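**Q** Sharing data38.cif here; it has mmCIF, C-alpha atoms.
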```cif
data_target
#
loop_
_atom_site.label_atom_id
_atom_site.label_comp_id
_atom_site.auth_asym_id
_atom_site.auth_seq_id
_atom_site.Cartn_x
_atom_site.Cartn_y
_atom_site.Cartn_z
CA MET A 1 -25.40 -3.55 15.48
CA ASP A 2 -29.13 -4.16 15.24
CA ASP A 3 -29.80 -0.44 15.55
CA LEU A 4 -27.51 0.44 12.66
CA PRO A 5 -28.59 0.52 9.03
CA PRO A 6 -26.78 -2.08 6.93
CA ALA A 7 -23.74 -1.16 4.87
CA PRO A 8 -24.51 -0.58 1.20
CA ASP A 9 -24.63 -3.81 -0.78
CA VAL A 10 -21.66 -3.26 -3.08
CA ALA A 11 -19.98 -6.68 -3.18
CA GLY A 12 -19.36 -7.68 -6.77
CA THR A 13 -19.09 -4.13 -8.10
CA SER A 14 -16.68 -4.23 -11.01
CA LEU A 15 -13.46 -2.28 -10.80
CA ASP A 16 -12.29 -3.35 -14.26
CA GLY A 17 -10.33 -0.57 -15.88
CA THR A 18 -10.13 0.55 -19.48
CA ASP A 19 -6.93 2.61 -19.24
CA VAL A 20 -3.51 1.17 -20.00
CA PHE A 21 -0.86 1.81 -17.38
CA THR A 22 2.75 1.92 -18.49
CA ILE A 23 5.59 2.06 -15.95
CA SER A 24 7.95 4.61 -17.41
CA ALA A 25 11.66 4.38 -16.75
CA GLU A 26 11.74 8.01 -15.66
CA GLU A 27 8.93 7.67 -13.16
CA ASN A 28 10.25 4.37 -11.83
CA ALA A 29 13.64 5.98 -11.23
CA ALA A 30 12.06 8.95 -9.45
CA LEU A 31 9.89 6.66 -7.37
CA CYS A 32 12.81 4.44 -6.36
CA ARG A 33 14.91 7.45 -5.36
CA SER A 34 12.03 8.91 -3.37
CA THR A 35 12.13 5.77 -1.24
CA GLY A 36 15.89 5.77 -0.78
CA VAL A 37 17.02 3.26 -3.41
CA GLU A 38 18.32 3.28 -6.97
CA PRO A 39 16.23 1.71 -9.76
CA ALA A 40 17.09 -1.85 -10.77
CA ALA A 41 19.38 -2.24 -13.76
CA ASP A 42 17.58 -5.32 -15.12
CA GLY A 43 14.41 -3.57 -16.31
CA SER A 44 12.28 -4.61 -13.37
CA ALA A 45 10.15 -1.91 -11.80
CA HIS A 46 9.80 -1.26 -8.10
CA PRO A 47 7.28 -3.84 -6.85
CA ILE A 48 5.20 -1.13 -5.15
CA TYR A 49 3.85 -0.50 -8.63
CA TYR A 50 1.45 -3.32 -7.84
CA TYR A 51 -0.39 -0.76 -5.72
CA ILE A 52 0.16 2.31 -7.88
CA ALA A 53 -0.73 0.74 -11.23
CA THR A 54 -3.85 -0.94 -9.93
CA GLN A 55 -5.08 2.19 -8.17
CA VAL A 56 -4.42 4.48 -11.13
CA ALA A 57 -5.80 2.19 -13.84
CA MET A 58 -8.76 0.58 -12.07
CA GLY A 59 -12.20 1.44 -13.33
CA LYS A 60 -13.01 3.96 -10.60
CA THR A 61 -11.10 6.71 -8.89
CA VAL A 62 -10.49 6.51 -5.15
CA ALA A 63 -13.30 9.04 -4.72
CA GLY A 64 -15.46 6.95 -7.03
CA VAL A 65 -14.89 3.78 -5.00
CA CYS A 66 -15.86 5.73 -1.89
CA GLU A 67 -18.94 7.10 -3.63
CA THR A 68 -19.98 3.56 -4.57
CA CYS A 69 -19.81 2.79 -0.85
CA GLU A 70 -21.90 5.92 -0.13
CA PHE A 71 -18.91 7.44 1.62
CA ASP A 72 -17.52 10.92 1.08
CA VAL A 73 -13.81 10.72 0.36
CA GLU A 74 -13.44 13.99 2.29
CA ASP A 75 -14.36 12.06 5.45
CA GLY A 76 -10.99 10.33 5.29
CA PRO A 77 -10.77 6.70 4.18
CA MET A 78 -7.89 4.91 5.93
CA MET A 79 -5.78 2.05 4.63
CA GLY A 80 -6.23 -1.02 6.79
CA SER A 81 -4.06 -3.55 5.02
CA SER A 82 -2.66 -4.47 1.64
CA GLY A 83 -1.73 -7.89 0.37
CA VAL A 84 -0.20 -8.88 -2.94
CA LYS A 85 0.83 -11.99 -4.81
CA PHE A 86 3.25 -11.65 -7.71
CA GLU A 87 3.69 -14.09 -10.58
CA GLY A 88 6.78 -12.28 -11.81
CA HIS A 89 8.62 -8.99 -11.81
CA LEU A 90 6.75 -5.89 -12.93
CA LYS A 91 8.59 -4.42 -15.90
CA VAL A 92 9.55 -0.92 -16.91
CA GLY A 93 8.07 -0.08 -20.33
CA GLU A 94 5.42 -2.80 -20.09
CA ASP A 95 1.75 -1.94 -20.67
CA TYR A 96 -0.71 -3.19 -18.06
CA LYS A 97 -4.45 -3.18 -17.58
CA VAL A 98 -6.49 -3.80 -14.45
CA THR A 99 -9.42 -6.03 -13.57
CA GLY A 100 -11.04 -6.30 -10.19
CA GLU A 101 -14.06 -6.07 -7.99
CA ILE A 102 -15.26 -5.12 -4.55
CA LEU A 103 -15.30 -8.21 -2.36
CA SER A 104 -17.16 -6.91 0.67
CA LEU A 105 -18.28 -3.93 2.71
CA VAL A 106 -18.88 -4.82 6.33
CA ARG A 107 -20.23 -2.46 8.98
CA LYS A 108 -18.56 -2.72 12.39
CA LYS A 109 -18.32 -0.89 15.68
CA SER A 110 -14.90 -0.11 17.10
CA ARG A 111 -13.97 1.44 20.45
CA LYS A 112 -11.37 3.61 18.75
CA LEU A 113 -13.19 4.61 15.57
CA GLY A 114 -16.85 4.19 16.41
CA VAL A 115 -18.96 2.92 13.53
CA MET A 116 -16.99 2.06 10.42
CA ASP A 117 -17.36 0.18 7.19
CA VAL A 118 -14.54 -2.17 6.25
CA LEU A 119 -14.10 -2.28 2.50
CA THR A 120 -12.21 -5.13 0.85
CA TYR A 121 -11.49 -5.06 -2.87
CA ARG A 122 -9.36 -7.14 -5.23
CA LEU A 123 -7.43 -5.86 -8.22
CA ARG A 124 -5.38 -7.77 -10.77
CA LEU A 125 -2.66 -6.41 -13.02
CA HIS A 126 -2.52 -8.04 -16.47
CA PRO A 127 -0.32 -7.49 -19.48
CA ALA A 128 -2.32 -5.15 -21.70
CA ALA A 129 -1.68 -7.50 -24.61
CA GLY A 130 -3.56 -10.20 -22.72
CA GLY A 131 -2.76 -13.07 -20.46
CA ASP A 132 -2.85 -14.05 -16.84
CA ALA A 133 -2.41 -11.55 -14.06
CA VAL A 134 1.16 -10.79 -13.02
CA ALA A 135 -0.01 -9.46 -9.67
CA GLU A 136 -3.16 -9.69 -7.58
CA THR A 137 -3.82 -7.46 -4.61
CA ASP A 138 -6.44 -7.41 -1.88
CA ASN A 139 -6.71 -4.06 -0.18
CA VAL A 140 -8.70 -3.21 2.93
CA TRP A 141 -9.82 0.32 3.70
CA VAL A 142 -11.57 1.55 6.80
CA LEU A 143 -14.35 4.06 6.16
CA PRO A 144 -15.24 5.82 9.44
CA ARG A 145 -18.98 6.54 9.58
CA LYS A 146 -19.04 9.65 11.72
CA GLU A 147 -22.68 10.24 10.86
CA LEU A 148 -23.58 6.94 12.55
CA ALA A 149 -21.67 7.64 15.77
CA ALA A 150 -23.78 7.28 18.89
CA MET S 1 21.92 -13.86 1.48
CA SER S 2 21.65 -17.22 -0.31
CA THR S 3 19.62 -20.27 0.68
CA ALA S 4 22.80 -21.86 1.97
CA THR S 5 23.24 -19.06 4.46
CA VAL S 6 19.64 -18.26 5.40
CA ASN S 7 18.34 -19.71 8.63
CA VAL S 8 15.15 -19.39 10.60
CA GLY S 9 15.58 -16.64 13.14
CA ASP S 10 18.05 -14.65 11.07
CA ALA S 11 17.58 -10.92 11.39
CA LEU S 12 17.34 -9.02 8.11
CA PRO S 13 19.50 -5.91 7.80
CA PRO S 14 17.40 -2.87 8.66
CA PHE S 15 16.52 -0.25 6.05
CA ALA S 16 16.20 3.31 7.36
CA ILE S 17 14.87 6.61 6.12
CA ASP S 18 16.35 9.29 8.35
CA SER S 19 13.69 11.90 7.69
CA VAL S 20 10.48 11.27 5.76
CA SER S 21 10.30 13.92 3.08
CA PRO S 22 7.29 16.05 2.17
CA ASP S 23 8.86 16.43 -1.27
CA ALA S 24 8.49 12.68 -1.75
CA MET S 25 4.84 12.92 -0.68
CA ARG S 26 4.32 15.55 -3.38
CA GLU S 27 5.87 13.20 -5.97
CA TRP S 28 3.71 10.31 -4.79
CA SER S 29 0.53 12.33 -5.08
CA VAL S 30 1.35 12.37 -8.80
CA PHE S 31 2.41 8.70 -8.96
CA LEU S 32 -0.85 7.69 -7.25
CA ALA S 33 -2.98 10.26 -9.09
CA ASP S 34 -4.37 11.10 -5.66
CA PRO S 35 -3.95 14.72 -4.55
CA ASN S 36 -5.32 14.12 -1.04
CA PRO S 37 -4.27 17.32 0.78
CA ILE S 38 -3.38 15.55 4.04
CA HIS S 39 -0.18 14.55 2.21
CA LEU S 40 0.45 18.05 0.85
CA ASP S 41 -0.86 20.79 3.12
CA VAL S 42 -0.13 21.11 6.83
CA GLU S 43 -3.10 23.44 7.28
CA VAL S 44 -5.47 20.76 6.01
CA VAL S 45 -3.95 18.21 8.38
CA LYS S 46 -4.53 20.62 11.27
CA ALA S 47 -8.07 21.44 10.14
CA LYS S 48 -8.95 17.75 10.08
CA GLY S 49 -7.55 17.26 13.58
CA LEU S 50 -4.91 14.82 12.36
CA GLY S 51 -1.89 16.56 13.86
CA ASP S 52 0.42 19.25 12.61
CA LYS S 53 2.57 17.43 10.05
CA ARG S 54 1.90 16.06 6.59
CA ILE S 55 1.05 12.35 6.54
CA ASN S 56 3.04 9.95 4.40
CA GLN S 57 1.01 7.98 1.84
CA GLY S 58 0.54 4.41 3.02
CA PRO S 59 2.05 2.76 -0.07
CA ILE S 60 5.34 4.62 0.50
CA ASN S 61 5.60 2.83 3.82
CA VAL S 62 5.08 -0.47 2.04
CA ALA S 63 7.83 0.50 -0.41
CA TYR S 64 10.26 1.04 2.48
CA MET S 65 9.58 -2.50 3.69
CA MET S 66 9.99 -3.88 0.18
CA ASN S 67 13.33 -2.07 -0.04
CA MET S 68 14.44 -3.79 3.15
CA LEU S 69 13.46 -7.21 1.78
CA MET S 70 15.12 -6.64 -1.60
CA ALA S 71 18.31 -5.38 0.02
CA ALA S 72 18.43 -8.41 2.30
CA PHE S 73 18.13 -10.78 -0.68
CA PRO S 74 19.76 -9.16 -3.73
CA GLY S 75 18.26 -10.44 -6.97
CA CYS S 76 15.25 -11.89 -5.19
CA ARG S 77 11.62 -11.68 -6.21
CA ILE S 78 8.88 -10.97 -3.73
CA GLU S 79 6.30 -13.72 -4.20
CA ALA S 80 3.72 -12.51 -1.70
CA MET S 81 3.46 -9.81 0.91
CA ASP S 82 0.83 -8.71 3.40
CA SER S 83 1.04 -5.68 5.62
CA LYS S 84 -1.23 -3.95 8.10
CA PHE S 85 -1.32 -0.22 8.61
CA LEU S 86 -1.25 0.43 12.34
CA ASP S 87 -0.45 4.14 12.56
CA ASN S 88 0.55 7.09 10.43
CA VAL S 89 4.04 8.12 9.37
CA TYR S 90 4.60 11.90 9.36
CA GLU S 91 7.03 14.20 7.64
CA GLY S 92 10.32 14.32 9.49
CA ASP S 93 9.86 10.89 11.07
CA ARG S 94 12.82 8.53 11.12
CA VAL S 95 11.54 5.13 10.02
CA VAL S 96 13.28 1.77 10.13
CA ALA S 97 12.11 -1.38 8.35
CA SER S 98 13.42 -4.61 9.81
CA GLY S 99 12.55 -8.27 9.70
CA THR S 100 13.24 -11.84 10.67
CA VAL S 101 13.33 -15.11 8.72
CA THR S 102 10.52 -17.40 9.85
CA ALA S 103 10.89 -20.32 7.41
CA VAL S 104 13.15 -21.58 4.62
CA GLU S 105 11.91 -24.11 2.06
CA GLY S 106 14.14 -24.58 -0.97
CA ASN S 107 14.55 -21.15 -2.52
CA ARG S 108 11.46 -19.77 -0.73
CA VAL S 109 12.13 -17.70 2.37
CA SER S 110 9.34 -16.54 4.66
CA CYS S 111 9.78 -13.43 6.75
CA GLU S 112 7.95 -11.25 9.20
CA PHE S 113 8.72 -7.57 9.29
CA THR S 114 7.83 -4.26 10.84
CA LEU S 115 8.19 -0.59 10.08
CA ASP S 116 9.00 1.41 13.20
CA VAL S 117 9.11 5.13 13.85
CA ASP S 118 11.65 6.46 16.32
CA GLY S 119 9.84 7.27 19.53
CA ARG S 120 6.44 5.89 18.46
CA GLY S 121 7.01 2.22 17.79
CA THR S 122 5.57 -0.02 15.09
CA VAL S 123 3.39 1.66 12.47
CA ASN S 124 3.22 -1.19 9.96
CA ALA S 125 3.72 -4.94 10.24
CA GLY S 126 3.39 -7.93 8.00
CA THR S 127 4.72 -11.07 6.38
CA ALA S 128 6.28 -11.94 3.04
CA THR S 129 7.58 -14.85 1.04
CA ILE S 130 10.64 -14.24 -1.08
CA LEU S 131 12.07 -16.33 -3.91
CA ILE S 132 15.85 -16.20 -3.79
#
```
Show me, as structure tokens, the structure contained in the file I just sent.

**A**
Amino acid sequence: MDDLPPAPDVAGTSLDGTDVFTISAEENAALCRSTGVEPAADGSAHPIYYYIATQVAMGKTVAGVCETCEFDVEDGPMMGSSGVKFEGHLKVGEDYKVTGEILSLVRKKSRKLGVMDVLTYRLRLHPAAGGDAVAETDNVWVLPRKELAA
Amino acid sequence: MSTATVNVGDALPPFAIDSVSPDAMREWSVFLADPNPIHLDVEVVKAKGLGDKRINQGPINVAYMMNMLMAAFPGCRIEAMDSKFLDNVYEGDRVVASGTVTAVEGNRVSCEFTLDVDGRGTVNAGTATILI
């Protein structure tokens, strides 16, 4: 690793969003059916909206997050893992906003992928009207650094 | 299942998708506001050396596993869930989400689960706690 340049210092970069994300009943129904289930009748949205809402309404696009990490999105970021904690059901018709930040970007060598940067970021989904987060997610992406391959 | 009937070691009923649909990938590119062509265009997948089939978006695979958990415990709420992406899911794949109860404390059930593709094995694996 000593011969590799360090990963960009991006920890702490804000991913706070300004857009409001609303889970529409129509989209929730289409999403549920696309995964083989019917939408819930009690007004709760599919819980995978933790991922969708935070990605869509965070303060940067996927390409923008990659750019912050000095990585070209065309080089193919890969999802490594996704974790979430819910404080309640996500609701159809509810307005949400997103806060978050990059936690770390760590350069590693892997036998399979060569040199890669492992990006970890945290996003929280809040009621747009204010209040504590209803979901918090930590996502890990792998950014293969082909240009640093031996 | 209810807490009275849930025991450590119980297998959760599997949830299957018989053939992963490229139409769903097209819908999800809109849901995710992410028109990455590896989910939409076979020629791009080939050009990138990633195979010859469109690649399912990772969050769809998580949704399949959530569906399995919610079907196993009707009316439940997922409290926490972690999953690792181990391999891609491609259009036409048959995928099966399945799981096992690892702990029961009051109304909190812990599980481990996998998503498996016929012929290729586990492509996603993780753990969850469910409030039932």

**Q** Here is a test: counting all atoms listed in the file, which residue of S:Ala33, S:Ile132, S:Asp118, S:Gly51 is nearest to A:Met58?

**A** S:Ala33

**Q** For chain S versus chain A, which residues have an atom no more than 7 Å away, and what is each residue's nearest atom pair and distance in Å rounded to one decimal, using only C-alpha atoms, chain-then-number order, as JSON lines?

**A**
```
{"residue": "S:Ala24", "atom": "CA", "partner": "A:Ser34", "partner_atom": "CA", "distance": 5.4}
{"residue": "S:Phe31", "atom": "CA", "partner": "A:Ile52", "partner_atom": "CA", "distance": 6.9}
{"residue": "S:Leu32", "atom": "CA", "partner": "A:Ile52", "partner_atom": "CA", "distance": 5.5}
{"residue": "S:Ala33", "atom": "CA", "partner": "A:Val56", "partner_atom": "CA", "distance": 6.3}
{"residue": "S:Gly58", "atom": "CA", "partner": "A:Met79", "partner_atom": "CA", "distance": 6.9}
{"residue": "S:Ala63", "atom": "CA", "partner": "A:Ile48", "partner_atom": "CA", "distance": 5.7}
{"residue": "S:Tyr64", "atom": "CA", "partner": "A:Thr35", "partner_atom": "CA", "distance": 6.3}
{"residue": "S:Arg77", "atom": "CA", "partner": "A:His89", "partner_atom": "CA", "distance": 6.9}
{"residue": "S:Ile78", "atom": "CA", "partner": "A:Phe86", "partner_atom": "CA", "distance": 6.9}
{"residue": "S:Glu79", "atom": "CA", "partner": "A:Phe86", "partner_atom": "CA", "distance": 5.1}
{"residue": "S:Ala80", "atom": "CA", "partner": "A:Lys85", "partner_atom": "CA", "distance": 4.3}
{"residue": "S:Met81", "atom": "CA", "partner": "A:Val84", "partner_atom": "CA", "distance": 5.4}
{"residue": "S:Asp82", "atom": "CA", "partner": "A:Gly83", "partner_atom": "CA", "distance": 4.1}
{"residue": "S:Ser83", "atom": "CA", "partner": "A:Ser81", "partner_atom": "CA", "distance": 5.6}
{"residue": "S:Lys84", "atom": "CA", "partner": "A:Ser81", "partner_atom": "CA", "distance": 4.2}
{"residue": "S:Phe85", "atom": "CA", "partner": "A:Gly80", "partner_atom": "CA", "distance": 5.3}
```

**Q** How far is it from atom CA of A:Val10 to atom CA of A:Val65, in Å with one decimal?

**A**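 Computed distance, atom CA of A:Val10 to atom CA of A:Val65, equals 10.0 Å.
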
**Q** Take the PyMOL selection byres ((chain S and resi 16-21) around 10), run it mentally on this structure, and tell me the resulting residues as a short mmCIF file (atom, residue, chain, number, x, y, z; two decimals) with C-alpha atoms, in the coordinates of the input.

**A**
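What landed in result.cif:
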```cif
data_model
loop_
_atom_site.label_atom_id
_atom_site.label_comp_id
_atom_site.auth_asym_id
_atom_site.auth_seq_id
_atom_site.Cartn_x
_atom_site.Cartn_y
_atom_site.Cartn_z
CA SER A 34 12.03 8.91 -3.37
CA THR A 35 12.13 5.77 -1.24
CA GLY A 36 15.89 5.77 -0.78
CA PRO S 13 19.50 -5.91 7.80
CA PRO S 14 17.40 -2.87 8.66
CA PHE S 15 16.52 -0.25 6.05
CA PRO S 22 7.29 16.05 2.17
CA ASP S 23 8.86 16.43 -1.27
CA ALA S 24 8.49 12.68 -1.75
CA MET S 25 4.84 12.92 -0.68
CA ARG S 26 4.32 15.55 -3.38
CA ARG S 54 1.90 16.06 6.59
CA ILE S 55 1.05 12.35 6.54
CA ASN S 56 3.04 9.95 4.40
CA ILE S 60 5.34 4.62 0.50
CA ASN S 61 5.60 2.83 3.82
CA TYR S 64 10.26 1.04 2.48
CA MET S 65 9.58 -2.50 3.69
CA ASN S 67 13.33 -2.07 -0.04
CA MET S 68 14.44 -3.79 3.15
CA VAL S 89 4.04 8.12 9.37
CA TYR S 90 4.60 11.90 9.36
CA GLU S 91 7.03 14.20 7.64
CA GLY S 92 10.32 14.32 9.49
CA ASP S 93 9.86 10.89 11.07
CA ARG S 94 12.82 8.53 11.12
CA VAL S 95 11.54 5.13 10.02
CA VAL S 96 13.28 1.77 10.13
CA ALA S 97 12.11 -1.38 8.35
CA SER S 98 13.42 -4.61 9.81
CA LEU S 115 8.19 -0.59 10.08
CA ASP S 116 9.00 1.41 13.20
CA VAL S 117 9.11 5.13 13.85
CA ASP S 118 11.65 6.46 16.32
#
```

**Q** Would you mind reading off the distance between atom CA of S:Thr102 and atom CA of S:Asp10, one decimal, in Å?

**A** 8.1 Å

**Q** At what distance in Å, to one decimal, does atom CA of A:Ala25 lie from atom CA of S:Val30?

**A**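 Separation between atom CA of S:Val30 and atom CA of A:Ala25: 15.3 Å.
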
**Q** In terms of the shortest atom-to-atom distance over all atoms listed in the file, which of A:Leu103, A:Val98, A:Ala45, A:Ala133 is closest to A:Asp19?

**A** A:Val98

**Q** Once the PyMOL selection byres ((chain S and resi 131) around 10) is applied to the coordinates I shared, what remains selected? I want it as a list of chain:residue names.

**A**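 Applying the PyMOL selection byres ((chain S and resi 131) around 10) to the structure shown produces S:Thr3, S:Phe73, S:Gly75, S:Cys76, S:Arg77, S:Ile78, S:Glu79, S:Ala80, S:Glu105, S:Gly106, S:Asn107, S:Arg108, S:Val109, S:Ser110, S:Thr129, S:Ile130, S:Ile132.
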
**Q** For S:Asp52, find every residue with an atom within 7 Å (counting all atoms listed in the file), except residues of its own chain fewer than 4 positions away, and show them as a count of residues only.

**A** 3

**Q** Select, counting all atoms listed in the file, all protein, DNA and RNA residues no farther than 8 Å from (0.0, 3.1, 12.1) in file coordinates, and express the selection as a list in words.

**A**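 In the file's frame, the residues around the point are Phe85, Leu86, Asp87, Asn88, Val89, Thr122, Val123 and Asn124 of chain S.
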
**Q** Could you give me, as a list in words, the residues within 12 Å of A:Asp3, counting only C-alpha atoms and dropping anything in the same chain fewer than 5 positions from it?

**A** Arg107, Lys108, Lys109, Val115, Leu148, Ala149 and Ala150 of chain A

**Q** With 6 Å on each side, where is the centre of the axis-aligned box around all listed atoms of stretch 123-128 of chain A, and how long are its edges in Å to one decimal, as JSON?

**A**
```
{"center_x": -3.9, "center_y": -6.6, "center_z": -15.0, "size_x": 19.1, "size_y": 14.9, "size_z": 25.5}
```

**Q** The PyMOL selection byres ((chain A and resi 18) around 10) - which residues does that actually catch in the file I just gave you? List them as a ChimeraX atom specification.

**A** /A:15-17,19-21,57-60,97-99,128
